[in-house]
Amino acid sequence: MMTGVILAGGLNRRMGGRSKALLPVQDQPLLLRQLTEMSRICNQMIVVSNEPEAFQLLLATNSIPMNVQWVSDIYIQKGPLSGIHAAAQAVTEEFMWIVGCDMPFISSEAAEAMRQLCQEANVDAVIPVIDGKVHPLHGIYSRLVGSEAEVLLKQEQYRLMGLLDHIDWLPAENAFFEKLNLPSKFVTNVNTPDEYKFMLENLS
């Protein structure tokens with residue numbers, strides 16, 4: 001019912017050029033940590049990266065077999081919107097669970113709850129809105145949003161939030177996850193060395 005998508009096509013400028021997807025978290029590279037969590041509910045997983053070689057080597061040394069596909073941007077280096085567009089061309093499932101490669105605490109339970117809401121409400125997406133802040137990544141999207149993303153990319157409109165202005169989506173707010181006893185830290189991302197250090201120091 002769902003394809004897991006990891007957007008790993010960024011330039012990692014704020015991390016000093018260091019690949020966020022390969023940062024170690026509890027002795028495991030972040031990307032592998034994410035794929036392991038996604039594999040709990042996703043038969044298909046897609047990593048969007050224009051330089052996948054280092055990631056492929058990581059998976060080759062992993063003892064757990066995973067169905068991972070590697071996809072490159074069609075609209076090169078246009079941010080997460082181009083990653084969503086590229087992934088949508090390759091998905092086999094109705095819904096996409098889309099995360100950034102810098103999110104160490106992604107939650108399959110949260111994703112599945114949002115997928116069910118997306119399907120029941122018959123909307124294009126369900127997006128976490130935590131403490132009033134919209135988090136387009138760790139969202140659940142219909143694969144059909146790829147066509148809307150392409151329209152925006154052709155118009156040279158590259159903001160991911162701009163996609164939300166053109167699709168029918170529902171917020172999943174704090175109360176939605178509290179009712180399910182799910183902590184909201186799954187939206188955490190690490191963009192800078194300081195954020196990475198803080199995250200490591202506060203692992204529960």
# chains A, B, ... in the order shown; residues from 1 in each chain; ligands from 1

$ residues_around --residues "region 194-204 of chain A" --least-positions-apart "2" --cutoff "10 Å" --atoms "only C-alpha atoms" --output "PyMOL selection string"
chain A and resi 15+20+23-26+102+104-105+188-192

$ closest_atom_pairs --of "region 18-69 of chain A" --to "region 110-122 of chain A" --cutoff "10 Å" --atoms "only C-alpha atoms" --output "Markdown table"
| residue | atom | partner | partner_atom | distance |
| --- | --- | --- | --- | --- |
| A:Met38 | CA | A:Ala111 | CA | 9.2 |
| A:Ile41 | CA | A:Glu112 | CA | 7.6 |
| A:Cys42 | CA | A:Glu112 | CA | 9.8 |

$ select_by_dssp --residues "region 46-101 of chain A" --states "strand (DSSP E)" --output "PyMOL selection string"
chain A and resi 46-48+68-71+95-100

$ select_by_dssp --residues "region 16-174 of chain A" --states "helix (DSSP H, G or I)" --output "PDB file with C-alpha atoms, in the first residue's frame"
ATOM      1  CA  LYS A  20      23.863  13.686   6.154  1.00  0.00           C
ATOM      2  CA  ALA A  21      22.617  10.313   4.960  1.00  0.00           C
ATOM      3  CA  LEU A  22      25.847   8.667   6.136  1.00  0.00           C
ATOM      4  CA  LEU A  30      21.386   7.382   9.150  1.00  0.00           C
ATOM      5  CA  LEU A  31      20.232   6.121   5.751  1.00  0.00           C
ATOM      6  CA  LEU A  32      20.383   2.495   6.856  1.00  0.00           C
ATOM      7  CA  ARG A  33      18.529   3.376  10.060  1.00  0.00           C
ATOM      8  CA  GLN A  34      15.771   4.946   7.947  1.00  0.00           C
ATOM      9  CA  LEU A  35      15.545   2.044   5.498  1.00  0.00           C
ATOM     10  CA  THR A  36      15.295  -0.425   8.366  1.00  0.00           C
ATOM     11  CA  GLU A  37      12.360   1.501   9.845  1.00  0.00           C
ATOM     12  CA  MET A  38      10.679   1.898   6.462  1.00  0.00           C
ATOM     13  CA  GLU A  53      27.444   5.096  -5.341  1.00  0.00           C
ATOM     14  CA  ALA A  54      28.396   5.644  -1.681  1.00  0.00           C
ATOM     15  CA  PHE A  55      24.909   4.639  -0.533  1.00  0.00           C
ATOM     16  CA  GLN A  56      24.854   1.524  -2.696  1.00  0.00           C
ATOM     17  CA  LEU A  57      28.122   0.376  -1.123  1.00  0.00           C
ATOM     18  CA  LEU A  58      26.520   0.829   2.281  1.00  0.00           C
ATOM     19  CA  LEU A  59      23.642  -1.455   1.357  1.00  0.00           C
ATOM     20  CA  ALA A  60      25.949  -4.016  -0.219  1.00  0.00           C
ATOM     21  CA  PRO A  80      12.799  18.286  -2.454  1.00  0.00           C
ATOM     22  CA  LEU A  81      10.112  19.037  -5.042  1.00  0.00           C
ATOM     23  CA  SER A  82      12.268  17.555  -7.807  1.00  0.00           C
ATOM     24  CA  GLY A  83      12.936  14.535  -5.575  1.00  0.00           C
ATOM     25  CA  ILE A  84       9.228  13.943  -5.064  1.00  0.00           C
ATOM     26  CA  HIS A  85       8.667  14.262  -8.802  1.00  0.00           C
ATOM     27  CA  ALA A  86      11.425  11.762  -9.603  1.00  0.00           C
ATOM     28  CA  ALA A  87      10.210   9.260  -7.007  1.00  0.00           C
ATOM     29  CA  ALA A  88       6.626   9.474  -8.249  1.00  0.00           C
ATOM     30  CA  SER A 108       6.535   3.647  10.618  1.00  0.00           C
ATOM     31  CA  GLU A 109       3.657   3.751  13.104  1.00  0.00           C
ATOM     32  CA  ALA A 110       3.071   7.444  12.468  1.00  0.00           C
ATOM     33  CA  ALA A 111       3.359   6.911   8.721  1.00  0.00           C
ATOM     34  CA  GLU A 112       0.847   4.067   8.701  1.00  0.00           C
ATOM     35  CA  ALA A 113      -1.639   6.088  10.750  1.00  0.00           C
ATOM     36  CA  MET A 114      -1.317   8.979   8.302  1.00  0.00           C
ATOM     37  CA  ARG A 115      -1.688   6.647   5.320  1.00  0.00           C
ATOM     38  CA  GLN A 116      -4.936   5.288   6.708  1.00  0.00           C
ATOM     39  CA  LEU A 117      -6.226   8.846   7.193  1.00  0.00           C
ATOM     40  CA  CYS A 118      -5.148   9.792   3.669  1.00  0.00           C
ATOM     41  CA  GLN A 119      -6.975   6.821   2.195  1.00  0.00           C
ATOM     42  CA  GLU A 120     -10.122   7.223   4.289  1.00  0.00           C
ATOM     43  CA  ALA A 121     -10.381  10.963   3.628  1.00  0.00           C
ATOM     44  CA  VAL A 145       1.049  14.443  -6.881  1.00  0.00           C
ATOM     45  CA  GLY A 146       4.014  13.794  -9.181  1.00  0.00           C
ATOM     46  CA  SER A 147       2.102  15.395 -12.065  1.00  0.00           C
ATOM     47  CA  GLU A 148       1.395  18.525 -10.016  1.00  0.00           C
ATOM     48  CA  ALA A 149       5.051  18.672  -9.001  1.00  0.00           C
ATOM     49  CA  GLU A 150       6.026  18.545 -12.671  1.00  0.00           C
ATOM     50  CA  VAL A 151       3.745  21.462 -13.496  1.00  0.00           C
ATOM     51  CA  LEU A 152       5.423  23.558 -10.802  1.00  0.00           C
ATOM     52  CA  LEU A 153       8.933  22.521 -11.839  1.00  0.00           C
ATOM     53  CA  LYS A 154       8.228  23.478 -15.440  1.00  0.00           C
ATOM     54  CA  LEU A 160       7.974  22.343  -1.584  1.00  0.00           C
ATOM     55  CA  MET A 161       5.409  24.360   0.356  1.00  0.00           C
ATOM     56  CA  GLY A 162       4.149  25.581  -3.001  1.00  0.00           C
ATOM     57  CA  LEU A 163       3.077  22.034  -3.808  1.00  0.00           C
ATOM     58  CA  LEU A 164       0.778  22.064  -0.791  1.00  0.00           C
ATOM     59  CA  ASN A 174      -0.269  16.943  17.818  1.00  0.00           C
TER      60      ASN A 174
END

$ closest_residue --among "A:Glu93, A:Asp131, A:Asp168, A:Asp27" --to "Asn43 (chain A)" --atoms "only C-alpha atoms"
A:Glu93

$ closest_residue --among "A:Met45, A:Leu137, A:Cys101, A:Met2" --to "Pro29 (chain A)" --atoms "only C-alpha atoms"
A:Cys101

$ closest_residue --among "A:Val123, A:Ser107, A:Tyr141, A:Val47" --to "Pro183 (chain A)" --atoms "only C-alpha atoms"
A:Ser107

$ atom_distance --atom1 "CA of Ala8 (chain A)" --atom2 "CA of Ser49 (chain A)"
5.1 Å

$ decode --residues "region 133-144 of chain A" --atoms "all heavy atoms" --output "PDB file, in the first residue's frame"
ATOM      1  N   LYS A 133       3.679  24.012  13.224  1.00  0.00           N
ATOM      2  CA  LYS A 133       4.627  24.059  12.112  1.00  0.00           C
ATOM      3  C   LYS A 133       4.352  22.921  11.138  1.00  0.00           C
ATOM      4  O   LYS A 133       4.234  21.765  11.540  1.00  0.00           O
ATOM      5  CB  LYS A 133       6.069  23.965  12.619  1.00  0.00           C
ATOM      6  CG  LYS A 133       7.102  24.056  11.505  1.00  0.00           C
ATOM      7  CD  LYS A 133       8.529  23.994  12.043  1.00  0.00           C
ATOM      8  CE  LYS A 133       9.541  24.056  10.908  1.00  0.00           C
ATOM      9  NZ  LYS A 133      10.945  23.960  11.396  1.00  0.00           N
ATOM     10  N   VAL A 134       4.266  23.267   9.863  1.00  0.00           N
ATOM     11  CA  VAL A 134       4.000  22.277   8.821  1.00  0.00           C
ATOM     12  C   VAL A 134       5.308  21.563   8.470  1.00  0.00           C
ATOM     13  O   VAL A 134       6.344  22.191   8.241  1.00  0.00           O
ATOM     14  CB  VAL A 134       3.422  22.953   7.563  1.00  0.00           C
ATOM     15  CG1 VAL A 134       3.147  21.924   6.475  1.00  0.00           C
ATOM     16  CG2 VAL A 134       2.151  23.713   7.912  1.00  0.00           C
ATOM     17  N   HIS A 135       5.250  20.230   8.425  1.00  0.00           N
ATOM     18  CA  HIS A 135       6.418  19.414   8.077  1.00  0.00           C
ATOM     19  C   HIS A 135       6.099  18.602   6.822  1.00  0.00           C
ATOM     20  O   HIS A 135       5.623  17.463   6.915  1.00  0.00           O
ATOM     21  CB  HIS A 135       6.771  18.471   9.236  1.00  0.00           C
ATOM     22  CG  HIS A 135       7.245  19.170  10.465  1.00  0.00           C
ATOM     23  ND1 HIS A 135       8.565  19.496  10.683  1.00  0.00           N
ATOM     24  CD2 HIS A 135       6.560  19.641  11.549  1.00  0.00           C
ATOM     25  CE1 HIS A 135       8.686  20.116  11.843  1.00  0.00           C
ATOM     26  NE2 HIS A 135       7.486  20.221  12.386  1.00  0.00           N
ATOM     27  N   PRO A 136       6.377  19.156   5.638  1.00  0.00           N
ATOM     28  CA  PRO A 136       6.032  18.441   4.404  1.00  0.00           C
ATOM     29  C   PRO A 136       6.773  17.119   4.258  1.00  0.00           C
ATOM     30  O   PRO A 136       6.297  16.216   3.562  1.00  0.00           O
ATOM     31  CB  PRO A 136       6.445  19.414   3.294  1.00  0.00           C
ATOM     32  CG  PRO A 136       6.632  20.732   3.950  1.00  0.00           C
ATOM     33  CD  PRO A 136       6.967  20.471   5.376  1.00  0.00           C
ATOM     34  N   LEU A 137       7.960  17.027   4.896  1.00  0.00           N
ATOM     35  CA  LEU A 137       8.671  15.756   4.882  1.00  0.00           C
ATOM     36  C   LEU A 137       8.281  14.962   6.127  1.00  0.00           C
ATOM     37  O   LEU A 137       8.072  15.527   7.192  1.00  0.00           O
ATOM     38  CB  LEU A 137      10.180  15.980   4.804  1.00  0.00           C
ATOM     39  CG  LEU A 137      10.631  16.701   3.533  1.00  0.00           C
ATOM     40  CD1 LEU A 137      12.150  16.801   3.477  1.00  0.00           C
ATOM     41  CD2 LEU A 137      10.104  16.014   2.270  1.00  0.00           C
ATOM     42  N   HIS A 138       8.195  13.685   5.955  1.00  0.00           N
ATOM     43  CA  HIS A 138       7.510  12.699   6.798  1.00  0.00           C
ATOM     44  C   HIS A 138       6.012  12.765   6.527  1.00  0.00           C
ATOM     45  O   HIS A 138       5.184  12.391   7.345  1.00  0.00           O
ATOM     46  CB  HIS A 138       7.783  12.836   8.297  1.00  0.00           C
ATOM     47  CG  HIS A 138       7.695  11.513   9.036  1.00  0.00           C
ATOM     48  ND1 HIS A 138       6.533  10.779   9.129  1.00  0.00           N
ATOM     49  CD2 HIS A 138       8.635  10.787   9.687  1.00  0.00           C
ATOM     50  CE1 HIS A 138       6.763   9.667   9.816  1.00  0.00           C
ATOM     51  NE2 HIS A 138       8.040   9.640  10.149  1.00  0.00           N
ATOM     52  N   GLY A 139       5.672  13.277   5.340  1.00  0.00           N
ATOM     53  CA  GLY A 139       4.284  13.303   4.914  1.00  0.00           C
ATOM     54  C   GLY A 139       3.932  12.084   4.082  1.00  0.00           C
ATOM     55  O   GLY A 139       4.797  11.366   3.577  1.00  0.00           O
ATOM     56  N   ILE A 140       2.632  11.834   3.967  1.00  0.00           N
ATOM     57  CA  ILE A 140       2.105  10.778   3.108  1.00  0.00           C
ATOM     58  C   ILE A 140       1.450  11.446   1.908  1.00  0.00           C
ATOM     59  O   ILE A 140       0.606  12.331   2.061  1.00  0.00           O
ATOM     60  CB  ILE A 140       1.058   9.917   3.850  1.00  0.00           C
ATOM     61  CG1 ILE A 140       1.662   9.304   5.104  1.00  0.00           C
ATOM     62  CG2 ILE A 140       0.497   8.845   2.916  1.00  0.00           C
ATOM     63  CD1 ILE A 140       2.819   8.363   4.873  1.00  0.00           C
ATOM     64  N   TYR A 141       1.850  11.034   0.704  1.00  0.00           N
ATOM     65  CA  TYR A 141       1.364  11.645  -0.520  1.00  0.00           C
ATOM     66  C   TYR A 141       0.836  10.570  -1.473  1.00  0.00           C
ATOM     67  O   TYR A 141       1.408   9.480  -1.568  1.00  0.00           O
ATOM     68  CB  TYR A 141       2.498  12.374  -1.254  1.00  0.00           C
ATOM     69  CG  TYR A 141       3.100  13.542  -0.510  1.00  0.00           C
ATOM     70  CD1 TYR A 141       4.053  13.346   0.480  1.00  0.00           C
ATOM     71  CD2 TYR A 141       2.727  14.857  -0.815  1.00  0.00           C
ATOM     72  CE1 TYR A 141       4.621  14.414   1.159  1.00  0.00           C
ATOM     73  CE2 TYR A 141       3.297  15.929  -0.150  1.00  0.00           C
ATOM     74  CZ  TYR A 141       4.241  15.703   0.835  1.00  0.00           C
ATOM     75  OH  TYR A 141       4.806  16.772   1.518  1.00  0.00           O
ATOM     76  N   SER A 142      -0.221  10.902  -2.183  1.00  0.00           N
ATOM     77  CA  SER A 142      -0.616  10.071  -3.316  1.00  0.00           C
ATOM     78  C   SER A 142       0.470  10.162  -4.379  1.00  0.00           C
ATOM     79  O   SER A 142       1.059  11.224  -4.593  1.00  0.00           O
ATOM     80  CB  SER A 142      -1.945  10.574  -3.888  1.00  0.00           C
ATOM     81  OG  SER A 142      -2.146  10.054  -5.185  1.00  0.00           O
ATOM     82  N   ARG A 143       0.712   9.060  -5.068  1.00  0.00           N
ATOM     83  CA  ARG A 143       1.716   9.117  -6.141  1.00  0.00           C
ATOM     84  C   ARG A 143       1.282  10.055  -7.266  1.00  0.00           C
ATOM     85  O   ARG A 143       2.102  10.491  -8.073  1.00  0.00           O
ATOM     86  CB  ARG A 143       1.974   7.714  -6.683  1.00  0.00           C
ATOM     87  CG  ARG A 143       0.807   7.065  -7.399  1.00  0.00           C
ATOM     88  CD  ARG A 143       1.183   5.678  -7.887  1.00  0.00           C
ATOM     89  NE  ARG A 143       0.067   5.000  -8.548  1.00  0.00           N
ATOM     90  CZ  ARG A 143       0.125   3.744  -8.977  1.00  0.00           C
ATOM     91  NH1 ARG A 143       1.231   3.047  -8.806  1.00  0.00           N
ATOM     92  NH2 ARG A 143      -0.897   3.192  -9.571  1.00  0.00           N
ATOM     93  N   LEU A 144      -0.009  10.397  -7.302  1.00  0.00           N
ATOM     94  CA  LEU A 144      -0.517  11.278  -8.351  1.00  0.00           C
ATOM     95  C   LEU A 144      -0.020  12.714  -8.205  1.00  0.00           C
ATOM     96  O   LEU A 144      -0.142  13.504  -9.146  1.00  0.00           O
ATOM     97  CB  LEU A 144      -2.055  11.258  -8.349  1.00  0.00           C
ATOM     98  CG  LEU A 144      -2.700   9.887  -8.589  1.00  0.00           C
ATOM     99  CD1 LEU A 144      -4.219   9.995  -8.546  1.00  0.00           C
ATOM    100  CD2 LEU A 144      -2.242   9.292  -9.916  1.00  0.00           C
TER     101      LEU A 144
END
